[in-house]
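Student: Take a look at the following structure, please.
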Number of protein chains: 2
Amino acid sequence: MAKPALLQTLDRALTLLAAFDREHPEWGVTELAHHLGLPKSVVQKTLATFARHGFVHQEPGRRRYRLGTRLLSLARLAQPELARIADPHMVRLAAATKETVKLTVVDGNQAVIAHAVESPHSLRMTGRVGERHDFHLGASNKVLAAYLPWETVWAALSARLPAGHPLLQDAARFRSELKAIARQGYAVSHSEVEQGVTSVSVPLCGPGGEVQASLSIVGPSLRVAGDGWRRWLDLLRSTKAAVERELGWEDPPSLPDRKGVPPLAVDRQA
Amino acid sequence: MAKPALLQTLDRALTLLAAFDREHPEWGVTELAHHLGLPKSVVQKTLATFARHGFVHQEPGRRRYRLGTRLLSLARLAQPELARIADPHMVRLAAATKETVKLTVVDGNQAVIAHAVESPHSLRMTGRVGERHDFHLGASNKVLAAYLPWETVWAALSARLPAGHPLLQDAARFRSELKAIARQGYAVSHSEVEQGVTSVSVPLCGPGGEVQASLSIVGPSLRVAGDGWRRWLDLLRSTKAAVERELGWEDPPSLPDRKGVPPLAVDRQA
DNA sequence: GTACAGTGTTTCTATAAAAGAAACATTGGC
DNA sequence: GCCAATGTTTCTTTTATAGAAACACTGTAC
């Protein structure tokens, strides 16, 4: 009863749409019906309706369904929302730490700064929105890479880095570094992108558990001597929780197996 | 009904979601209900269901709804679809013209080549997927810019071009050039990005009329002397129609007053 | 401080739409 | 050319939804 008054048909349809993921970019009606434990006809009608709106697509000739390009236009409209939502939290974080706070998202082959709130100090990192970086350096960029499929990261770096770049010679080491980051849930970097700059970064997950962005605190290393960055990490973690709650964390709807996302979802009215 | 067997609830819900556009990034329940001519309670339940899945989002404190970040993750999965769908058509186009065919999309501040099919000639434009260009040069890039809000284009160019760039001094001229492109529905460029290269480009619209990408033919000017590019334009136009049909063009669903979205998107504000 | 006008939310019931089984139509493989 | 499997349509029973109206909450004006 905690969640009354939903439209079951729509709820089910959206759950169905969520079955399209990286492992299953396309589905047949029968296959999907079996996977979800629903009647074929329901799945077929749901897909047909989504198809009419361009949310899914069925190539003529082939019979299976894939996600449609309507999602691309909608996403363009949704894009500013992430920054909008994160902004007040980032402002608080910047006020608490007196350092620059950055929001970074994946964009094609690289990571791009989507939003930033600058430190009040005169000596501060500027948060240049729109600036792009490759995945291999910097806490904010490595965190994003850590949650992407390795093949994607590798392809991006191969395309971006000059042939013969040392990292390309030693993929295994970098890969295990990313694995460590994903395991511990944060990244720290010292002087990686810029000399004398320390950065701590955590991933921000949207509803469904997908990593949407990384949230980072960046500042002169001299102001965070020793293990001072651990305080940043604590603050990042609580901000992460707050933002994610606002991003629409809810218990995963009916879909059976969703792989290990930490259960920090809390009811929002308290 | 030529197209029966739909889920009305889902159909209506998706139509409702489409009410969130650039002019109306946020809606209140009452307002949206009035706009769509639906009972408040239906709209509220639909929005609540979308919200649970992260498709829309309601900031705590504020009460109005905005698009949610779930769309971002879905769009990431849908991204390769455009190239997938367009590819066979592009192959045909390349075969017919013996020139390189490119698919270009907007990505942040710039246009990026999403897919390409190369000319069979030895002297050909290489279609470097992932290559980025600013909006001010090249038919494929200008076509994309022509259908973006001018403010977006201007902000992008201001951020990218070095201060003092001649174009920044004469915004009016460039703006009217874009308007002309939007009006005629295509762009042609000679030697803009590269010496001796001619390019013709048309926009590709997805369901809903939003411009999703530009489709271009690029080749050495010497092979398209005089008005030879007009043949390219004809071929582009028929390909455009074919791809768009496949992208899910359908008659706009039930929504009463979809304010004049013409068959081909026209610039959306003065 | 209290009344008020506006909002989002919940309740309730007739009705219309969806669930689900099963038949139908296509497709691709052999 | 047949067969197996897939997507599509049909059909009826069930049930979730549409819609009106009452409710609860918020900020504002008095």
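Following the order of the structure tokens, first chain is A, next is B, and so on, with residues numbered from 1 inside each chain and ligands from 1 in the order they appear.
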Do a least-squares overlay of chain B on chain A, C-alpha atoms all paired in order, then report the RMSD in Å.

Tutor: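 Across the paired C-alpha atoms, the RMSD reaches 4.4 Å.
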
Student: Leaving out DT11 (chain C) and any residue of its chain fewer than 2 positions from it, which residues lie within 9 Å of it when counting only C-alpha atoms (C1' of nucleotides), given as a count of residues only?

Tutor: 3

Student: Residues of chain B within 12 Å of chain C, counting only C-alpha atoms (C1' of nucleotides), what are they? List them as a PyMOL selection string.

Tutor: chain B and resi 5-10+27-31+40-45+47-48+58+61-65

Student: Using only C-alpha atoms, please write the residues we just selected to a file, as a compact mmCIF listing (two decimals), in the first residue's frame.

Tutor:
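Dumped everything to again_5.txt:
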# COMPACT_ATOMS: atom_id res chain seq x y z
CA ALA B 5 -4.93 -3.58 -31.28
CA LEU B 6 -3.14 -0.91 -29.38
CA LEU B 7 -3.02 -0.33 -25.68
CA GLN B 8 -4.97 2.82 -25.20
CA THR B 9 -3.61 3.51 -21.76
CA LEU B 10 -0.03 3.29 -22.97
CA TRP B 27 4.08 20.82 -16.41
CA GLY B 28 1.77 20.91 -13.49
CA VAL B 29 -0.90 18.25 -13.25
CA THR B 30 -3.81 20.61 -13.63
CA GLU B 31 -2.19 22.54 -16.41
CA LYS B 40 -6.70 15.56 -13.62
CA SER B 41 -6.70 12.19 -11.95
CA VAL B 42 -5.70 10.39 -15.11
CA VAL B 43 -2.84 12.76 -15.74
CA GLN B 44 -1.68 12.54 -12.15
CA LYS B 45 -1.70 8.75 -12.14
CA LEU B 47 2.76 11.02 -14.24
CA ALA B 48 3.13 9.16 -10.97
CA GLN B 58 9.20 15.88 -9.47
CA GLY B 61 9.50 21.15 -2.79
CA ARG B 62 8.44 22.09 -6.27
CA ARG B 63 5.39 20.28 -7.42
CA ARG B 64 5.64 20.40 -11.14
CA TYR B 65 6.93 17.57 -13.26

Student: Which residues of chain D have any atom within 12 Å of an atom in chain A when counting only C-alpha atoms (C1' of nucleotides), and what is the closest pair of atoms for each, with the distance in Å to one decimal? Order the rows by chain and rising number and write it as CSV.

Tutor:
residue,atom,partner,partner_atom,distance
D:DA5,C1',A:Thr30,CA,9.7
D:DT6,C1',A:Thr30,CA,7.3
D:DG7,C1',A:Val29,CA,7.0
D:DT8,C1',A:Gln44,CA,8.0
D:DT9,C1',A:Ser41,CA,9.0
D:DT10,C1',A:Ser41,CA,10.7
D:DT15,C1',A:Gln8,CA,11.0
D:DA16,C1',A:Gln8,CA,7.3
D:DT17,C1',A:Leu7,CA,7.8
D:DA18,C1',A:Leu7,CA,11.4

Student: Show me, as a list in words, the residues of chain B whose atoms get within 6 Å of chain A, using only C-alpha atoms for the distance check.

Tutor: Leu6, Leu10, Lys45, Thr49, Gly54, Leu67, Leu71, Leu72, Ala75, Ala78, Pro207 and Gly248 of chain B

Student: Among region 56-247 of chain A, which residues carry a DSSP assignment of strand (DSSP E or B), reported as a PyMOL selection string?

Tutor: chain A and resi 56-58+65-67+100-107+110-117+132-133+187-190+197-205+211-220

Student: Using C-alpha atoms, can you export the residues from the last selection as a PDB file, in the first residue's frame?

Tutor:
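Written output follows (selection_1.pdb):
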ATOM      1  CA  VAL A  56      10.856   0.798 -30.211  1.00  0.00           C
ATOM      2  CA  HIS A  57      11.392  -0.120 -33.794  1.00  0.00           C
ATOM      3  CA  GLN A  58      11.014  -3.153 -35.952  1.00  0.00           C
ATOM      4  CA  TYR A  65      12.198  -5.286 -31.850  1.00  0.00           C
ATOM      5  CA  ARG A  66      14.886  -2.801 -30.857  1.00  0.00           C
ATOM      6  CA  LEU A  67      14.822   0.508 -29.079  1.00  0.00           C
ATOM      7  CA  THR A 100      35.127  23.278  -6.783  1.00  0.00           C
ATOM      8  CA  VAL A 101      32.495  20.604  -7.446  1.00  0.00           C
ATOM      9  CA  LYS A 102      32.065  19.076 -10.889  1.00  0.00           C
ATOM     10  CA  LEU A 103      29.463  16.931 -12.576  1.00  0.00           C
ATOM     11  CA  THR A 104      30.873  14.843 -15.413  1.00  0.00           C
ATOM     12  CA  VAL A 105      29.058  12.680 -17.932  1.00  0.00           C
ATOM     13  CA  VAL A 106      30.024  10.308 -20.699  1.00  0.00           C
ATOM     14  CA  ASP A 107      29.656  11.779 -24.139  1.00  0.00           C
ATOM     15  CA  GLN A 110      35.134  11.005 -23.818  1.00  0.00           C
ATOM     16  CA  ALA A 111      33.949  12.460 -20.569  1.00  0.00           C
ATOM     17  CA  VAL A 112      32.600  15.979 -20.571  1.00  0.00           C
ATOM     18  CA  ILE A 113      31.990  18.410 -17.730  1.00  0.00           C
ATOM     19  CA  ALA A 114      28.245  18.931 -17.595  1.00  0.00           C
ATOM     20  CA  HIS A 115      28.043  21.289 -14.675  1.00  0.00           C
ATOM     21  CA  ALA A 116      30.312  22.877 -12.088  1.00  0.00           C
ATOM     22  CA  VAL A 117      30.140  24.986  -8.987  1.00  0.00           C
ATOM     23  CA  ARG A 132      36.355  17.139 -22.562  1.00  0.00           C
ATOM     24  CA  HIS A 133      38.816  14.601 -21.233  1.00  0.00           C
ATOM     25  CA  ALA A 187      38.344   7.254  -7.291  1.00  0.00           C
ATOM     26  CA  VAL A 188      41.052   9.605  -6.084  1.00  0.00           C
ATOM     27  CA  SER A 189      43.623  11.242  -8.274  1.00  0.00           C
ATOM     28  CA  HIS A 190      46.626  13.405  -7.527  1.00  0.00           C
ATOM     29  CA  VAL A 197      45.472  19.094  -8.138  1.00  0.00           C
ATOM     30  CA  THR A 198      43.684  16.431  -6.134  1.00  0.00           C
ATOM     31  CA  SER A 199      40.299  15.110  -7.097  1.00  0.00           C
ATOM     32  CA  VAL A 200      37.868  12.685  -5.496  1.00  0.00           C
ATOM     33  CA  SER A 201      34.934  11.314  -7.426  1.00  0.00           C
ATOM     34  CA  VAL A 202      31.947   9.040  -6.951  1.00  0.00           C
ATOM     35  CA  PRO A 203      29.430   7.714  -9.477  1.00  0.00           C
ATOM     36  CA  LEU A 204      25.847   8.968  -9.567  1.00  0.00           C
ATOM     37  CA  CYS A 205      23.302   6.331 -10.420  1.00  0.00           C
ATOM     38  CA  VAL A 211      25.658   5.217 -13.772  1.00  0.00           C
ATOM     39  CA  GLN A 212      24.581   8.588 -15.097  1.00  0.00           C
ATOM     40  CA  ALA A 213      27.449  10.822 -14.125  1.00  0.00           C
ATOM     41  CA  SER A 214      30.299  11.293 -11.733  1.00  0.00           C
ATOM     42  CA  LEU A 215      30.343  13.868  -8.975  1.00  0.00           C
ATOM     43  CA  SER A 216      33.714  15.197  -7.972  1.00  0.00           C
ATOM     44  CA  ILE A 217      35.449  17.579  -5.636  1.00  0.00           C
ATOM     45  CA  VAL A 218      38.561  19.140  -7.104  1.00  0.00           C
ATOM     46  CA  GLY A 219      41.088  21.322  -5.371  1.00  0.00           C
ATOM     47  CA  PRO A 220      44.708  22.178  -4.821  1.00  0.00           C
TER      48      PRO A 220
END

Student: What is the distance between CA of Gln169 (chain A) and CA of His136 (chain A), in Å to one decimal?

Tutor: 13.3 Å

Student: Would you mind writing down, as number ranges by chain, each residue of region 48-170 of chain A that DSSP on the backbone assigns to helix (DSSP H, G or I)?

Tutor: A: 48-52, 70-97, 139-146, 150-160, 166-169

Student: Quick one: pull the distance between CA of Leu144 (chain A) and CA of Gln184 (chain A), Å, one decimal.

Tutor: 13.4 Å

Student: Near region 170-172 of chain A, within 12 Å and counting only C-alpha atoms (C1' of nucleotides), which residues show up once chain neighbours fewer than 3 positions away are dropped, as a ChimeraX atom specification?

Tutor: /A:136,150-151,153-155,157-158,164-167,175-179

Student: Those residues with C-alpha atoms, as a short mmCIF file (atom, residue, chain, number, x, y, z; two decimals), in the first residue's frame please?

Tutor:
data_model
loop_
_atom_site.label_atom_id
_atom_site.label_comp_id
_atom_site.auth_asym_id
_atom_site.auth_seq_id
_atom_site.Cartn_x
_atom_site.Cartn_y
_atom_site.Cartn_z
CA HIS A 136 42.40 7.40 -18.55
CA TRP A 150 35.63 -2.46 -20.78
CA GLU A 151 35.28 -2.87 -24.53
CA VAL A 153 36.52 2.16 -22.72
CA TRP A 154 39.18 0.39 -24.65
CA ALA A 155 37.74 1.35 -28.00
CA LEU A 157 41.05 5.10 -25.67
CA SER A 158 42.38 3.34 -28.74
CA GLY A 164 52.24 3.86 -28.94
CA HIS A 165 50.87 5.57 -25.86
CA PRO A 166 52.18 3.65 -22.86
CA LEU A 167 48.68 2.90 -21.61
CA ARG A 175 41.73 -2.44 -16.55
CA SER A 176 42.48 -3.69 -13.08
CA GLU A 177 42.71 -0.12 -11.85
CA LEU A 178 39.19 0.50 -13.15
CA LYS A 179 38.01 -2.70 -11.55
#

Student: For a test of reading the model, state the distance in Å between CA of Leu235 (chain A) and CA of Ala86 (chain A), rounded to one decimal.

Tutor: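 That distance, rounded to one decimal, is 14.1 Å.
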